[in-house]
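**Q** This is start.txt (compact mmCIF, C-alpha atoms).
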# COMPACT_ATOMS: atom_id res chain seq x y z
CA MET A 1 85.57 145.45 156.30
CA LYS A 2 85.50 144.91 152.56
CA HIS A 3 88.08 142.74 150.89
CA ALA A 4 89.31 143.73 147.45
CA SER A 5 88.46 141.08 144.86
CA LYS A 6 91.36 139.33 143.16
CA PRO A 7 91.96 140.51 139.58
CA ALA A 8 91.27 137.97 136.84
CA PRO A 9 94.43 136.41 135.45
CA ALA A 10 95.67 138.07 132.30
CA GLU A 11 95.16 136.19 129.08
CA GLY A 12 98.05 133.83 128.41
CA THR A 13 99.19 133.68 132.05
CA LYS A 14 99.26 130.45 134.05
CA ARG A 15 96.08 129.70 135.94
CA GLY A 16 96.22 128.45 139.51
CA TYR A 17 94.46 125.19 138.73
CA THR A 18 96.58 124.32 135.66
CA ILE A 19 98.81 121.27 136.12
CA GLN A 20 101.98 122.06 134.21
CA ALA A 21 103.04 118.42 133.91
CA VAL A 22 99.83 117.72 131.95
CA VAL A 23 100.39 120.80 129.80
CA ARG A 24 103.88 119.56 128.93
CA ALA A 25 102.61 116.05 128.18
CA ALA A 26 99.93 117.52 125.90
CA SER A 27 102.56 119.57 124.09
CA ILE A 28 104.48 116.36 123.43
CA ILE A 29 101.41 114.70 121.87
CA ASN A 30 100.61 117.84 119.86
CA ALA A 31 104.15 117.82 118.45
CA PHE A 32 103.11 114.85 116.28
CA GLN A 33 101.26 115.91 113.12
CA SER A 34 99.78 112.45 112.51
CA THR A 35 99.67 108.95 114.01
CA SER A 36 102.07 107.73 111.30
CA GLU A 37 104.76 110.37 111.84
CA VAL A 38 107.91 109.12 113.59
CA LEU A 39 109.95 111.68 115.56
CA ASP A 40 113.12 111.39 117.59
CA LEU A 41 113.96 113.13 120.87
CA ARG A 42 115.75 116.03 119.20
CA VAL A 43 112.80 116.91 116.94
CA VAL A 44 110.21 116.64 119.72
CA ALA A 45 112.31 118.87 121.98
CA ALA A 46 112.66 121.43 119.19
CA ARG A 47 108.92 121.45 118.44
CA THR A 48 107.88 121.79 122.09
CA GLY A 49 110.64 124.08 123.32
CA LEU A 50 111.24 121.80 126.30
CA HIS A 51 114.64 120.75 127.64
CA LYS A 52 115.85 117.45 126.21
CA ALA A 53 115.98 115.78 129.63
CA THR A 54 112.38 116.83 130.39
CA THR A 55 111.28 115.78 126.91
CA PHE A 56 112.88 112.36 127.34
CA ARG A 57 111.14 111.71 130.67
CA LEU A 58 107.79 112.76 129.25
CA LEU A 59 108.25 110.63 126.13
CA GLU A 60 109.06 107.55 128.18
CA THR A 61 106.12 108.21 130.53
CA LEU A 62 103.75 108.51 127.56
CA VAL A 63 105.13 105.26 126.16
CA GLU A 64 104.40 103.53 129.48
CA THR A 65 100.83 104.88 129.41
CA ARG A 66 100.44 103.77 125.77
CA MET A 67 99.85 107.26 124.47
CA LEU A 68 103.04 106.88 122.43
CA GLU A 69 104.94 103.87 121.13
CA ARG A 70 108.56 103.37 120.22
CA ALA A 71 109.46 103.18 116.53
CA GLY A 72 112.93 101.82 115.90
CA LYS A 73 115.85 102.54 118.20
CA GLN A 74 115.33 106.28 118.69
CA GLY A 75 111.92 107.11 117.25
CA TYR A 76 108.49 107.64 118.78
CA ARG A 77 105.04 107.41 117.20
CA CYS A 78 101.84 108.92 118.62
CA CYS A 79 98.94 106.52 119.24
CA VAL A 80 96.37 109.30 119.65
CA GLN A 81 94.65 111.10 116.78
CA THR A 82 94.25 114.69 117.95
CA ALA A 83 91.01 116.47 117.09
CA ARG A 84 92.85 119.53 115.79
CA ALA A 85 94.49 117.63 112.94
CA LYS A 86 92.50 117.79 109.70
CA ARG A 87 92.75 114.62 107.65
CA TYR A 88 92.98 115.71 104.05
CA ARG A 89 91.63 113.69 101.14
CA ILE A 90 93.60 113.90 97.91
CA GLY A 91 92.65 112.45 94.53
CA TYR A 92 95.42 110.92 92.43
CA ALA A 93 94.91 109.91 88.79
CA SER A 94 97.89 107.95 87.50
CA GLN A 95 98.77 108.00 83.82
CA SER A 96 98.90 104.21 83.49
CA ASN A 97 100.19 101.19 85.36
CA LEU A 98 101.97 100.04 82.16
CA LEU A 99 104.88 102.47 82.52
CA PRO A 100 107.55 101.64 85.14
CA PHE A 101 108.15 105.33 85.80
CA THR A 102 104.48 105.96 86.63
CA THR A 103 104.34 102.85 88.81
CA THR A 104 107.29 104.11 90.86
CA VAL A 105 105.67 107.55 91.21
CA SER A 106 102.40 105.95 92.35
CA ASP A 107 104.16 103.77 94.91
CA SER A 108 106.12 106.67 96.38
CA LEU A 109 103.00 108.86 96.49
CA GLY A 110 101.08 106.18 98.38
CA VAL A 111 103.84 105.82 100.96
CA ALA A 112 104.16 109.59 101.43
CA ALA A 113 100.39 110.09 101.76
CA ASN A 114 100.19 107.39 104.41
CA ALA A 115 103.08 108.94 106.34
CA ALA A 116 101.34 112.33 106.26
CA ASN A 117 98.01 110.82 107.43
CA ILE A 118 96.33 111.70 104.11
CA ASP A 119 93.58 109.68 102.46
CA LEU A 120 94.54 109.03 98.82
CA LEU A 121 91.80 108.22 96.31
CA VAL A 122 93.62 106.54 93.41
CA LEU A 123 92.23 106.24 89.87
CA ASN A 124 93.88 105.25 86.57
CA ASN A 125 93.67 107.43 83.43
CA GLY A 126 94.89 104.56 81.25
CA PHE A 127 96.18 106.84 78.48
CA SER A 128 92.53 107.64 77.66
CA PRO A 129 91.24 111.23 77.41
CA ARG A 130 87.70 109.96 77.98
CA VAL A 131 88.70 108.13 81.17
CA ALA A 132 90.73 111.12 82.35
CA LEU A 133 87.63 113.32 82.08
CA GLN A 134 85.53 110.73 83.93
CA ASN A 135 88.12 110.53 86.68
CA ALA A 136 88.08 114.32 87.03
CA GLU A 137 84.30 114.18 87.44
CA THR A 138 84.70 111.45 90.09
CA PHE A 139 87.11 113.59 92.09
CA VAL A 140 84.66 116.50 91.96
CA ALA A 141 81.78 114.26 93.06
CA GLU A 142 83.90 112.89 95.91
CA LYS A 143 84.70 116.46 97.01
CA VAL A 144 88.41 115.78 97.49
CA ASP A 145 90.54 118.59 98.90
CA LEU A 146 93.11 118.53 96.08
CA VAL A 147 93.92 116.52 92.94
CA VAL A 148 97.24 115.24 91.62
CA ASP A 149 96.65 114.47 87.95
CA SER A 150 98.99 112.58 85.63
CA GLN A 151 97.53 112.47 82.14
CA ILE A 152 99.22 113.04 78.80
CA ASN A 153 96.40 114.10 76.46
CA VAL A 154 96.83 117.82 76.03
CA ALA A 155 93.58 117.99 74.03
CA VAL A 156 91.47 117.57 77.20
CA ALA A 157 93.73 119.51 79.57
CA ALA A 158 91.56 122.64 79.46
CA GLN A 159 88.36 120.65 80.09
CA ILE A 160 89.87 118.90 83.09
CA ALA A 161 91.16 122.21 84.41
CA ALA A 162 87.70 123.77 84.07
CA LYS A 163 86.07 120.97 86.10
CA PHE A 164 88.46 121.49 89.00
CA SER A 165 88.24 125.27 88.75
CA ASP A 166 84.43 125.22 88.85
CA ALA A 167 84.57 122.97 91.93
CA ARG A 168 87.25 125.16 93.54
CA ILE A 169 89.57 122.19 93.87
CA PRO A 170 93.29 123.02 93.54
CA PHE A 171 95.32 120.58 91.49
CA ILE A 172 98.85 119.59 90.64
CA ALA A 173 99.61 118.45 87.10
CA LEU A 174 102.40 115.88 86.77
CA ASP A 175 104.69 116.02 83.74
CA ILE A 176 102.14 117.69 81.41
CA PRO A 177 101.10 121.28 82.27
CA HIS A 178 97.36 122.06 82.56
CA PRO A 179 95.74 125.51 82.67
CA GLY A 180 95.51 126.78 86.23
CA ALA A 181 97.44 123.84 87.68
CA ILE A 182 100.70 123.84 89.58
CA TYR A 183 103.15 121.96 87.37
CA TYR A 184 105.36 119.30 88.91
CA GLY A 185 107.81 117.43 86.73
CA ALA A 186 110.77 117.65 84.43
CA ASP A 187 112.25 120.62 82.66
CA ASN A 188 111.79 118.71 79.42
CA TYR A 189 113.93 120.81 77.12
CA LYS A 190 116.81 120.92 79.60
CA ALA A 191 116.66 117.14 80.08
CA GLY A 192 116.60 116.49 76.35
CA ARG A 193 119.53 118.82 75.75
CA MET A 194 121.59 116.97 78.35
CA ALA A 195 120.94 113.69 76.54
CA GLY A 196 121.61 115.18 73.09
CA ARG A 197 124.99 116.56 74.07
CA HIS A 198 126.02 113.18 75.46
CA LEU A 199 124.86 111.38 72.30
CA ALA A 200 126.94 113.70 70.13
CA ARG A 201 130.04 113.29 72.29
CA TRP A 202 129.59 109.52 72.19
CA ALA A 203 129.34 109.63 68.37
CA GLU A 204 132.49 111.75 68.07
CA LYS A 205 134.39 109.26 70.20
CA ASN A 206 133.09 106.03 68.68
CA TRP A 207 132.12 106.70 65.03
CA LYS A 208 134.83 108.02 62.77
CA ASN A 209 132.35 109.26 60.16
CA GLY A 210 129.68 110.35 62.62
CA PRO A 211 126.00 109.35 62.52
CA GLU A 212 124.17 108.98 59.21
CA GLN A 213 120.65 109.40 60.68
CA ILE A 214 118.81 110.55 63.79
CA ILE A 215 115.66 108.86 65.13
CA LEU A 216 113.36 110.68 67.55
CA LEU A 217 110.70 108.75 69.48
CA GLY A 218 108.04 111.04 70.95
CA VAL A 219 104.48 111.24 72.30
CA ASP A 220 102.49 113.55 70.06
CA ALA A 221 99.28 113.34 72.14
CA ALA A 222 101.09 115.11 74.98
CA GLY A 223 101.69 118.16 72.80
CA PRO A 224 104.86 120.16 72.32
CA LEU A 225 105.88 120.38 75.98
CA LEU A 226 106.73 116.69 76.47
CA ASN A 227 108.24 116.50 73.00
CA ALA A 228 110.43 119.44 74.01
CA ARG A 229 112.70 116.64 75.23
CA LEU A 230 113.28 115.77 71.58
CA THR A 231 113.82 119.41 70.62
CA GLY A 232 116.42 119.50 73.36
CA VAL A 233 118.03 116.31 72.03
CA LEU A 234 118.43 117.86 68.58
CA ASP A 235 119.78 121.12 69.97
CA GLY A 236 122.19 119.25 72.21
CA ILE A 237 123.46 117.16 69.31
CA ASN A 238 123.89 120.30 67.21
CA GLU A 239 125.80 122.11 69.98
CA VAL A 240 128.46 119.43 70.06
CA GLY A 241 128.62 117.83 66.64
CA GLN A 242 126.53 119.80 64.13
CA TYR A 243 125.04 116.46 63.07
CA ALA A 244 121.45 117.61 63.36
CA ARG A 245 122.01 120.01 60.45
CA THR A 246 123.62 117.52 58.09
CA VAL A 247 121.91 114.15 58.55
CA PRO A 248 118.24 113.14 58.04
CA THR A 249 116.02 113.13 61.12
CA HIS A 250 113.04 110.78 61.52
CA HIS A 251 110.34 111.61 64.11
CA TYR A 252 107.86 108.94 65.23
CA ASP A 253 104.85 109.02 67.56
CA THR A 254 105.04 106.08 69.99
CA LYS A 255 101.32 106.12 70.99
CA GLY A 256 101.84 107.16 74.58
CA GLY A 257 105.47 106.11 75.01
CA GLN A 258 104.66 102.42 75.26
CA PHE A 259 107.15 99.60 74.67
CA GLU A 260 105.22 97.38 72.24
CA ALA A 261 104.08 100.22 69.96
CA THR A 262 107.63 101.58 69.81
CA LEU A 263 109.08 98.14 69.07
CA ASP A 264 106.87 97.80 65.97
CA ILE A 265 107.71 101.34 64.82
CA VAL A 266 111.47 100.87 65.06
CA ARG A 267 111.32 97.44 63.44
CA ARG A 268 109.61 99.00 60.41
CA HIS A 269 112.13 101.83 60.34
CA ILE A 270 115.04 99.39 60.33
CA ARG A 271 113.52 97.42 57.45
CA ARG A 272 112.97 100.58 55.37
CA ARG A 273 116.01 102.69 56.23
CA LYS A 274 118.67 100.05 57.02
CA PRO A 275 120.56 102.27 59.49
CA GLU A 276 124.32 101.96 59.84
CA ARG A 277 124.99 104.64 62.47
CA ALA A 278 121.80 105.96 64.07
CA LEU A 279 121.52 108.28 67.06
CA VAL A 280 118.21 107.64 68.85
CA GLY A 281 116.59 110.17 71.19
CA ALA A 282 113.70 108.62 73.13
CA VAL A 283 111.00 110.39 75.14
CA ASN A 284 111.29 107.84 77.96
CA ASP A 285 113.15 104.66 78.88
CA SER A 286 110.37 102.35 77.71
CA THR A 287 110.73 103.65 74.14
CA ALA A 288 114.53 103.65 74.42
CA LEU A 289 114.60 100.00 75.48
CA ALA A 290 112.11 99.06 72.76
CA ALA A 291 114.35 100.70 70.14
CA LEU A 292 117.36 98.86 71.52
CA GLN A 293 115.55 95.54 71.29
CA ALA A 294 114.53 96.23 67.69
CA PHE A 295 118.17 96.83 66.72
CA ARG A 296 119.42 93.94 68.84
CA GLU A 297 117.03 91.28 67.46
CA VAL A 298 118.28 91.81 63.88
CA GLY A 299 121.93 91.89 64.88
CA LEU A 300 122.35 95.65 64.38
CA GLU A 301 122.90 96.75 67.97
CA ARG A 302 126.26 98.30 67.08
CA ALA A 303 124.51 100.44 64.47
CA CYS A 304 122.82 102.58 67.12
CA ALA A 305 123.44 104.75 70.16
CA ILE A 306 120.36 105.48 72.27
CA ALA A 307 119.49 108.08 74.92
CA GLY A 308 116.51 107.52 77.21
CA GLN A 309 114.68 109.61 79.79
CA ASP A 310 113.58 108.65 83.34
CA GLY A 311 116.58 106.69 84.69
CA SER A 312 114.33 103.66 85.27
CA VAL A 313 115.41 100.43 86.95
CA ALA A 314 115.33 98.57 83.61
CA ALA A 315 117.44 101.23 81.93
CA ARG A 316 119.98 101.18 84.72
CA GLU A 317 120.20 97.40 84.49
CA GLU A 318 120.76 97.64 80.74
CA MET A 319 123.53 100.21 81.20
CA ARG A 320 125.40 97.72 83.37
CA ARG A 321 125.69 95.33 80.43
CA ALA A 322 129.06 95.30 78.69
CA SER A 323 129.11 97.29 75.43
CA THR A 324 125.46 98.36 75.73
CA ARG A 325 124.21 100.91 73.20
CA LEU A 326 121.90 102.54 75.69
CA VAL A 327 124.53 105.18 76.28
CA CYS A 328 122.61 107.40 78.71
CA SER A 329 119.33 108.25 80.40
CA VAL A 330 118.33 111.40 82.25
CA ALA A 331 117.13 110.50 85.75
CA TYR A 332 114.23 112.29 87.43
CA PHE A 333 114.24 110.11 90.57
CA PRO A 334 110.53 109.11 90.62
CA GLU A 335 111.09 107.28 93.91
CA MET A 336 111.36 110.75 95.47
CA TYR A 337 108.24 112.22 93.84
CA GLY A 338 105.82 111.17 96.56
CA GLU A 339 107.31 113.02 99.51
CA ARG A 340 107.84 116.20 97.48
CA ILE A 341 104.37 116.16 95.91
CA ILE A 342 102.65 115.59 99.27
CA GLN A 343 104.61 118.45 100.82
CA LEU A 344 103.65 120.67 97.87
CA ALA A 345 100.01 119.62 98.27
CA LEU A 346 100.05 120.43 102.00
CA ASP A 347 101.55 123.85 101.29
CA VAL A 348 98.72 124.54 98.83
CA LEU A 349 96.03 123.32 101.24
CA LYS A 350 97.47 125.44 104.05
CA HIS A 351 97.49 128.47 101.73
CA LYS A 352 101.24 128.87 101.77
CA PRO A 353 102.87 130.56 98.76
CA VAL A 354 104.03 128.06 96.12
CA ALA A 355 105.74 128.42 92.76
CA PRO A 356 103.58 127.86 89.64
CA ALA A 357 106.08 125.26 88.41
CA VAL A 358 108.27 122.93 90.46
CA PHE A 359 111.00 121.17 88.49
CA VAL A 360 112.48 117.88 89.66
CA PRO A 361 116.25 117.32 89.84
CA HIS A 362 117.86 116.01 86.65
CA GLU A 363 121.00 113.93 86.40
CA LEU A 364 122.61 112.23 83.42
CA ILE A 365 123.16 108.52 84.02
CA THR A 366 125.66 106.63 81.86
CA PRO A 367 127.23 103.17 81.98
CA GLN A 368 130.22 104.84 83.61
CA ASN A 369 128.38 106.45 86.56
CA VAL A 370 125.25 104.33 87.05
CA ASP A 371 126.71 102.45 90.03
CA LYS A 372 127.73 105.71 91.67
CA ILE A 373 124.29 107.33 91.33
CA TYR A 374 122.34 104.15 92.15
CA PRO A 375 124.72 102.04 94.27
CA ASN A 376 121.94 100.04 95.94
CA ASP A 377 120.20 98.61 92.87
CA SER A 378 121.56 95.14 93.65
CA TRP A 379 119.45 95.08 96.82
CA MET A 380 116.29 94.97 94.72
CA LYS A 381 117.28 91.71 93.06
CA VAL A 382 115.72 88.56 94.46
CA LYS A 383 118.50 86.19 95.47
CA PRO A 384 117.83 82.44 95.21
CA ASN A 385 117.58 80.51 98.47
CA ARG A 386 120.66 78.48 99.26
CA VAL A 387 120.19 74.86 100.20
Let me see the structure of the file written as structure tokens.
**A**
Amino acid sequence: MKHASKPAPAEGTKRGYTIQAVVRAASIINAFQSTSEVLDLRVVAARTGLHKATTFRLLETLVETRMLERAGKQGYRCCVQTARAKRYRIGYASQSNLLPFTTTVSDSLGVAANAANIDLLVLNNGFSPRVALQNAETFVAEKVDLVVDSQINVAVAAQIAAKFSDARIPFIALDIPHPGAIYYGADNYKAGRMAGRHLARWAEKNWKNGPEQIILLGVDAAGPLLNARLTGVLDGINEVGQYARTVPTHHYDTKGGQFEATLDIVRRHIRRRKPERALVGAVNDSTALAALQAFREVGLERACAIAGQDGSVAAREEMRRASTRLVCSVAYFPEMYGERIIQLALDVLKHKPVAPAVFVPHELITPQNVDKIYPNDSWMKVKPNRV
């Protein structure tokens, strides 16, 4: 008598020799995208589709077997690097380590890359178009998966873009748009206009006769897009007070937005023009603080009102001083750049649709609201040891 053979199990059905407890444990491990990612019970249960009670028992069992480890009170971290996870390698060229804003961006990017289990190859453009081109060639030679480039010289933007395009390496351009790149940074005109409107309102409130001159501190090497902040400042001033149409305006190139170069420029301006009521629109906080020092060191601090850009730690500290003439700065929150840029980079690498330009949040910081927007600044101060 012939026995009918058993049909093969349909694809996707449970096999007789499969141990479901192991399958569930594997799904827990696979829920972690990297060995640095920390997940809590709720997230693991959501990613695996398992009941929370089952998920908890499996998590604790995997901790006991050292496949997972606890991270904090409620978090878990995977100790196993799964073969399925591709470890991306991203090149990052910072603009310079001389600017506090760029330093904060670099720090946050390093932390975010580490959390996402990404190798970050970091180079420094140093405000040099020649070095920026060399760094682009290095990234191509290293065959990185993607580049995040922060360089201000618009004259070499097309050359850098061509190098990455020829190598089929996608790239994200920070703050200064490049051909073919995804732009990540400020809406420069919008940010400048916010600052200009506040400057004009401040002048209306504090100067009976209004300003008698306007000083604009820009970065000409970056081209018109970064200096759109200054166009926005003028338009914002004109919206509120019409001053931009009636008083002389002086535009200066600050050689990359650096403090020392700006300090010399504003010192010379003060000697020549002897300002009595000057509105100052600065391309960043470094140039704003340099202008303030130039006025302050000759006893003319009350002859100016200054608007910065970036919302840097130093600017926030200055705005906490009584009667400061740094009357505002537009914050871009560089401490949050890293996480958002890495997520954008992962979307690009996984071929998800992304916008050609991603603008950061903007918020006007003034002496009146600085403690509300940044209430934890005091934690960063080093307190002396008590005896």
**Q** What does the structure give for the distance between CA of Ala93 (chain A) and CA of Thr262 (chain A), in Å to one decimal?
**A**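 Taking CA of Ala93 (chain A) as the start and CA of Thr262 (chain A) as the end point, the length is 24.3 Å.
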**Q** Which neighbours of Asp149 (chain A) fall inside 8 Å, counting all atoms listed in the file, when residues of the same chain fewer than 2 positions from it are skipped, and could you give them as a list in words?
**A**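 My reading of the contact set: Gly91, Tyr92, Ala93, Ser94, Gln95, Val147, Gln151, Phe171, Ile172, Ala173 and Leu174 of chain A.
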**Q** Ranking A:Ala303, A:Ala355, A:Met336, A:Val313 by minimum distance to Pro375 (chain A) and counting all atoms listed in the file, which one comes first?
**A**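 Closest to Pro375 (chain A) of all the choices is A:Val313.
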**Q** Near Ala294 (chain A), within 7 Å and counting all atoms listed in the file, which residues show up once chain neighbours fewer than 2 positions away are dropped, as a ChimeraX atom specification?
**A** /A:263,266-267,290-292,296-298
**Q** Can you tell me, as an MDAnalysis selection string, what residues are no more than 10 Å from region 204-217 of chain A when counting all atoms listed in the file, ignoring any on the same chain fewer than 4 positions away?
**A** chainID A and resid 198:200 227 229:231 233:234 237 240:241 243:244 246:255 257 262 265:266 269 273 275:284 287:288 291 303:308
**Q** Would you compute the distance between CA of Asp175 (chain A) and CA of Arg87 (chain A)? Give it in Å to one decimal.
**A**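 Rounded to one decimal, the two atoms are 26.8 Å apart.
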**Q** Just to confirm, what's the straight-line distance from CA of Arg197 (chain A) to CA of Gly232 (chain A) in Å (one decimal)?
**A**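 So the two atoms, CA of Arg197 (chain A) and CA of Gly232 (chain A), lie 9.1 Å apart.
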**Q** Pick out the residues sitting within 10 Å of Leu349 (chain A), and hand them over as a ChimeraX atom specification; count only C-alpha atoms, and ignore anything fewer than 5 positions along from it in its own chain.
**A** /A:88,145-146,169-170,343-344
**Q** Point out the residue among A:Asp220, A:Thr366, A:Asp107, A:Ile342 with the least atom-to-atom distance to Ser323 (chain A), counting all atoms listed in the file.
**A**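 Comparing A:Asp220, A:Thr366, A:Asp107, A:Ile342 against Ser323 (chain A), the winner is A:Thr366.
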**Q** Which one of A:Leu50, A:Ile341, A:Ala222, A:Val22 sits closest to Asn153 (chain A) if you count all atoms listed in the file?
**A**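 Going through A:Leu50, A:Ile341, A:Ala222, A:Val22 one by one, the smallest distance to Asn153 (chain A) is for A:Ala222.
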**Q** Contacts of Phe359 (chain A) at 12 Å or less, counting all atoms listed in the file, minus same-chain residues fewer than 3 places along, as a CSV table (one decimal) with C-alpha atoms, keeping the file's coordinate frame?
**A**
chain,number,residue,atom,x,y,z
A,173,ALA,CA,99.6,118.4,87.1
A,174,LEU,CA,102.4,115.9,86.8
A,175,ASP,CA,104.7,116.0,83.7
A,176,ILE,CA,102.1,117.7,81.4
A,177,PRO,CA,101.1,121.3,82.3
A,182,ILE,CA,100.7,123.8,89.6
A,183,TYR,CA,103.2,122.0,87.4
A,184,TYR,CA,105.4,119.3,88.9
A,185,GLY,CA,107.8,117.4,86.7
A,186,ALA,CA,110.8,117.6,84.4
A,187,ASP,CA,112.2,120.6,82.7
A,188,ASN,CA,111.8,118.7,79.4
A,189,TYR,CA,113.9,120.8,77.1
A,190,LYS,CA,116.8,120.9,79.6
A,191,ALA,CA,116.7,117.1,80.1
A,332,TYR,CA,114.2,112.3,87.4
A,333,PHE,CA,114.2,110.1,90.6
A,337,TYR,CA,108.2,112.2,93.8
A,340,ARG,CA,107.8,116.2,97.5
A,341,ILE,CA,104.4,116.2,95.9
A,344,LEU,CA,103.6,120.7,97.9
A,355,ALA,CA,105.7,128.4,92.8
A,356,PRO,CA,103.6,127.9,89.6
A,362,HIS,CA,117.9,116.0,86.6
**Q** Measuring atom to atom with only C-alpha atoms, identify which of A:Leu58, A:Val105, A:Ala115, A:Ile19 is nearest to Val38 (chain A).
**A** A:Ala115
**Q** Identify which of the residues A:Val44, A:Val360, A:Val330, A:Val348 lies closest to Ala315 (chain A), counting all atoms listed in the file when measuring atom-to-atom distances.
**A**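 The answer is A:Val330, which sits nearest to Ala315 (chain A).
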**Q** The residues within 10 Å of (83.7, 116.7, 90.6), using all atoms listed in the file and the coordinates of the file, should be reported as a PyMOL selection string; which are they?
**A** chain A and resi 133-144+160+163-169
**Q** Between A:Ala195, A:Val154, A:Ala31, A:Val358, which has the minimum distance to Leu226 (chain A) (counting only C-alpha atoms)?
**A**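 Under the stated criterion, the closest residue is A:Val154.
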